[in-house]
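Have a look at the structure below before the remarks.
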Amino acid sequence: MSTKTKIAGIEFDSYIFNASGIKDDTFEELEEIAKSKSSAIMLKSCTIGPRKGNEEPREINLPLGYFQSEGLPNLGYKKYLELIPKLKKYKKPIIASVVGFSLEEYRILIKAFQESEVDLIEINLSCPNIVEEGLPIVYDFEKIKELLDKISNLGEKPIGLKLPAYLCYVLQEKMVNLIEQYDIPFISSINSVGNSLIIDPEKETTVIKPQRGFGGLSGDYIKPIALGNVRRFYELLKDEVSIIGVGGIRTGQDAFEFLLAGADAVQVGTTFEKEGPSCFERINKELEEILQKKGYTSIQEAKGKLEYL
Ligand code: DHB
């Protein structure tokens, strides 16, 4: 039994790999992912210059998830360009993730990775922890259109979008409209849920320091939202665009639910944070067992097969 899959035409040895943002910003961390059973090496979202990120404490483990306002700590894109050749020897797809603070920055980042040896490029439109003037790009469809106009002809590598949790179906339709116009071959859905707040009732304080305690929520808490977003996208896009499910994948059963909803693969963040790199193999094995028990012989056979009552 294998959980081999394809995203935007690229082959992945299993259905499970790491989500951007968890233990993936230094070479040592990326090498640990490379040596694990994660079927790809997803890089931390990078910016033009290196960043230290927000003040500490900026993250906290919760009973059913993870909460953070990291503020994009990363080595700067040039450093990741240097690391890519060293990661190539592990023979797994490498996915870059980029965040620009202007359209021109996005253009520079995407051009650089188009000229590198990465296999896929993810545009992170939905980092919840950066304070911007005005509407964040992900809620501004005109701005996203401008971005896609600017970056569509920079190279041949597949470019995907990391999307936020949409709590309204009409916004997903608008996004799909752009995805179809620009021939975006994959999306990752969903990012951590921003504008969240965790309170310590004993101390009567926030639990993280940046931005008066607001941050992005991940893990079990957000799984139903992620499943809803993935399913809606699958209904709208069918098999034309690969969908990577992200949000609360802790067990093989979680991965199987994302598969039924229509995801081509899943990324694991919170569970990697809590359990370490052995989680990729465990979740994949659990998924294989479920598929076997149910008589499925491939990912493709079960994908999107959710039935309605
Ligand atoms: C950060 C958090 C995110 O959820 C994301 O998508 C990108 C960056 C961060 O704060 O570093």
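Chain lettering (A, B, ...) mirrors the order of the structure tokens, residue numbering begins at 1 for each chain separately, and ligand numbering begins at 1 in order of display.
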When the cut-off is 6 Å and you count only C-alpha atoms and all ligand atoms, which residues lie near ligand 1, shown as a PDB file with N, CA and C atoms, in the first residue's frame?
```pdb
ATOM      1  N   SER A  45       8.460  30.434   5.379  1.00  0.00           N
ATOM      2  CA  SER A  45       8.194  31.597   4.528  1.00  0.00           C
ATOM      3  C   SER A  45       9.351  32.572   4.675  1.00  0.00           C
ATOM      4  N   SER A  69       2.682  34.163  17.361  1.00  0.00           N
ATOM      5  CA  SER A  69       2.858  35.349  16.532  1.00  0.00           C
ATOM      6  C   SER A  69       4.360  35.483  16.302  1.00  0.00           C
ATOM      7  N   GLU A  70       4.874  34.656  15.400  1.00  0.00           N
ATOM      8  CA  GLU A  70       6.322  34.582  15.193  1.00  0.00           C
ATOM      9  C   GLU A  70       6.864  35.852  14.536  1.00  0.00           C
ATOM     10  N   GLY A  71       6.112  36.387  13.605  1.00  0.00           N
ATOM     11  CA  GLY A  71       6.582  37.589  12.910  1.00  0.00           C
ATOM     12  C   GLY A  71       7.629  37.301  11.855  1.00  0.00           C
ATOM     13  N   LEU A  72       7.496  36.136  11.227  1.00  0.00           N
ATOM     14  CA  LEU A  72       8.331  35.763  10.083  1.00  0.00           C
ATOM     15  C   LEU A  72       9.841  35.731  10.346  1.00  0.00           C
ATOM     16  N   PRO A  73      10.275  35.106  11.446  1.00  0.00           N
ATOM     17  CA  PRO A  73      11.726  34.952  11.592  1.00  0.00           C
ATOM     18  C   PRO A  73      12.236  34.060  10.462  1.00  0.00           C
ATOM     19  N   SER A 126      -1.119  34.848   3.298  1.00  0.00           N
ATOM     20  CA  SER A 126      -2.021  34.877   4.449  1.00  0.00           C
ATOM     21  C   SER A 126      -1.335  34.843   5.800  1.00  0.00           C
ATOM     22  N   CYS A 127      -0.084  35.361   5.889  1.00  0.00           N
ATOM     23  CA  CYS A 127       0.560  35.415   7.203  1.00  0.00           C
ATOM     24  C   CYS A 127      -0.269  36.317   8.116  1.00  0.00           C
ATOM     25  N   PRO A 128      -0.746  35.795   9.240  1.00  0.00           N
ATOM     26  CA  PRO A 128      -1.653  36.604  10.061  1.00  0.00           C
ATOM     27  C   PRO A 128      -0.943  37.563  11.009  1.00  0.00           C
ATOM     28  N   ASN A 129       0.385  37.519  11.071  1.00  0.00           N
ATOM     29  CA  ASN A 129       1.057  38.237  12.155  1.00  0.00           C
ATOM     30  C   ASN A 129       1.823  39.479  11.733  1.00  0.00           C
ATOM     31  N   ASN A 191      -4.125  28.525   6.310  1.00  0.00           N
ATOM     32  CA  ASN A 191      -3.086  29.043   7.201  1.00  0.00           C
ATOM     33  C   ASN A 191      -3.639  29.047   8.630  1.00  0.00           C
ATOM     34  N   SER A 192      -2.763  29.327   9.594  1.00  0.00           N
ATOM     35  CA  SER A 192      -3.242  29.441  10.976  1.00  0.00           C
ATOM     36  C   SER A 192      -4.286  30.561  11.027  1.00  0.00           C
ATOM     37  N   GLY A 216      -1.921  33.652  15.625  1.00  0.00           N
ATOM     38  CA  GLY A 216      -2.497  32.645  14.734  1.00  0.00           C
ATOM     39  C   GLY A 216      -2.687  31.331  15.480  1.00  0.00           C
TER      40      GLY A 216
END
```
Fill in: DSSP helix (DSSP H, G or I) selection over stretch 21-264 of chain A, as an MDAnalysis selection string
chainID A and resid 27:35 77:90 103:114 137:139 141:151 169:182 210:213 220:240 252:261
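You can rank A:Ile190, A:Ile283, A:Leu62, A:Leu81 by their closest distance to A:Pro164 using only C-alpha atoms, and at the top of that list sits A:Ile190.
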Practice prompt. Would you mind listing what lies within 10 Å of stretch 275-280 of chain A as a list in words, with only C-alpha atoms counted and same-chain residues fewer than 6 positions away left out?
Written response: Ser14, Tyr15, Ile16, Phe17, Asn18, Lys23, Glu32, Ile33, Ala34, Lys35, Ser36, Lys37, Ser38, Ser39, Arg250, Thr251, Gly252, Gln267, Val268 and Gly269 of chain A
Fill in: Pick from A:Pro210, A:Gly49, A:Pro201, A:Pro224, whichever lies nearest to A:Gly76 using only C-alpha atoms
A:Gly49
Discussion item. Between atom CA of A:Lys91 and atom CA of A:Leu120, what is the distance in Å, rounded to a tenth?
Written reply: 13.9 Å
Worksheet entry | Spatial neighbours of A:Ala226, 8 Å, only C-alpha atoms, chain gap at least 5 places, as a ChimeraX atom specification | /A:165,189-190,245-248
Once you have the residues from the selection above, write them out as a PDB file, in the first residue's frame, restricted to N, CA and C atoms.
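Heads up, here's the output in selection_26.pdb:
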```pdb
ATOM      1  N   ALA A 165      -8.196  30.984   6.244  1.00  0.00           N
ATOM      2  CA  ALA A 165      -9.511  30.380   6.492  1.00  0.00           C
ATOM      3  C   ALA A 165     -10.565  31.349   5.984  1.00  0.00           C
ATOM      4  N   SER A 189      -4.494  25.090   1.877  1.00  0.00           N
ATOM      5  CA  SER A 189      -5.612  25.652   2.623  1.00  0.00           C
ATOM      6  C   SER A 189      -5.756  24.861   3.926  1.00  0.00           C
ATOM      7  N   ILE A 190      -5.614  25.442   5.100  1.00  0.00           N
ATOM      8  CA  ILE A 190      -5.628  26.848   5.443  1.00  0.00           C
ATOM      9  C   ILE A 190      -4.378  27.240   6.252  1.00  0.00           C
ATOM     10  N   GLY A 245      -4.147  20.101   1.967  1.00  0.00           N
ATOM     11  CA  GLY A 245      -4.904  20.397   3.183  1.00  0.00           C
ATOM     12  C   GLY A 245      -3.953  20.662   4.335  1.00  0.00           C
ATOM     13  N   VAL A 246      -4.238  21.689   5.107  1.00  0.00           N
ATOM     14  CA  VAL A 246      -3.430  22.021   6.287  1.00  0.00           C
ATOM     15  C   VAL A 246      -4.368  22.474   7.398  1.00  0.00           C
ATOM     16  N   GLY A 247      -4.113  21.994   8.612  1.00  0.00           N
ATOM     17  CA  GLY A 247      -4.919  22.454   9.748  1.00  0.00           C
ATOM     18  C   GLY A 247      -5.426  21.286  10.564  1.00  0.00           C
ATOM     19  N   GLY A 248      -4.705  20.947  11.617  1.00  0.00           N
ATOM     20  CA  GLY A 248      -5.205  19.944  12.566  1.00  0.00           C
ATOM     21  C   GLY A 248      -5.024  18.513  12.141  1.00  0.00           C
TER      22      GLY A 248
END
```
Item to complete: Give me every strand (DSSP E or B) residue in stretch 18-194 of chain A, going by DSSP on the backbone, as an MDAnalysis selection string.
Response: chainID A and resid 18 41:46 51 59:62 65:68 74 94:98 120:124 159:163 186:189 193:194
Worksheet item: Near A:Pro136, within 12 Å and counting only C-alpha atoms, which residues show up once chain neighbours fewer than 2 positions away are dropped, as a list in words?
Response: Gly100, Phe101, Ser102, Asn124, Leu125, Ser126, Cys127, Pro128, Asn129, Ile130, Val131, Glu132, Glu133, Gly134, Val138, Tyr139, Asp140, Phe141, Glu142, Lys143, Ile144, Pro164 and Gly194 of chain A
How would the residues just chosen look if you wrote them out with C-alpha atoms as a JSON list (two decimals), in the first residue's frame?
```json
[["chain", "number", "residue", "atom", "x", "y", "z"],
["A", 100, "GLY", "CA", 6.73, 40.13, 0.09],
["A", 101, "PHE", "CA", 5.92, 43.46, 1.69],
["A", 102, "SER", "CA", 5.19, 44.94, -1.74],
["A", 124, "ASN", "CA", 2.12, 32.97, 1.31],
["A", 125, "LEU", "CA", -0.68, 35.48, 0.99],
["A", 126, "SER", "CA", -2.02, 34.88, 4.45],
["A", 127, "CYS", "CA", 0.56, 35.41, 7.20],
["A", 128, "PRO", "CA", -1.65, 36.60, 10.06],
["A", 129, "ASN", "CA", 1.06, 38.24, 12.15],
["A", 130, "ILE", "CA", 2.26, 41.14, 10.09],
["A", 131, "VAL", "CA", 0.69, 44.53, 10.73],
["A", 132, "GLU", "CA", -0.02, 46.14, 7.38],
["A", 133, "GLU", "CA", -1.49, 49.47, 6.43],
["A", 134, "GLY", "CA", -4.95, 48.98, 5.06],
["A", 138, "VAL", "CA", -5.26, 38.29, 0.93],
["A", 139, "TYR", "CA", -8.54, 40.19, 1.39],
["A", 140, "ASP", "CA", -7.89, 42.49, -1.57],
["A", 141, "PHE", "CA", -8.73, 40.61, -4.77],
["A", 142, "GLU", "CA", -7.69, 43.52, -7.01],
["A", 143, "LYS", "CA", -4.26, 43.55, -5.40],
["A", 144, "ILE", "CA", -3.92, 39.77, -5.75],
["A", 164, "PRO", "CA", -6.41, 31.82, 4.87],
["A", 194, "GLY", "CA", -5.32, 34.94, 12.68]]
```
Discussion item. Taking only C-alpha atoms into account, name the residue in A:Lys238, A:Lys305, A:Lys79, A:Lys203 that is nearest to A:Val176.
Written reply: A:Lys238
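Minimum atom-to-atom distance to A:Gly21, evaluated using only C-alpha atoms, belongs to A:Asn74 out of A:Asn195, A:Asn74, A:Thr47, A:Thr3.
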Practice prompt. For A:Leu259, work out the shell of residues within 7 Å, counting only C-alpha atoms and skipping chain neighbours fewer than 4 positions away, then give it as an NGL selection string.
Written response: :A and (255 or 263-264 or 302-304)
Worksheet entry | Best match for closeness to A:Glu117 among A:Asn177, A:Glu202, A:Ile84, A:Asp149, counting only C-alpha atoms |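 Using only C-alpha atoms, A:Glu117 sits closest to A:Ile84.
Between atom CA of A:Arg282 and atom CA of A:Lys223 the separation is 18.8 Å.
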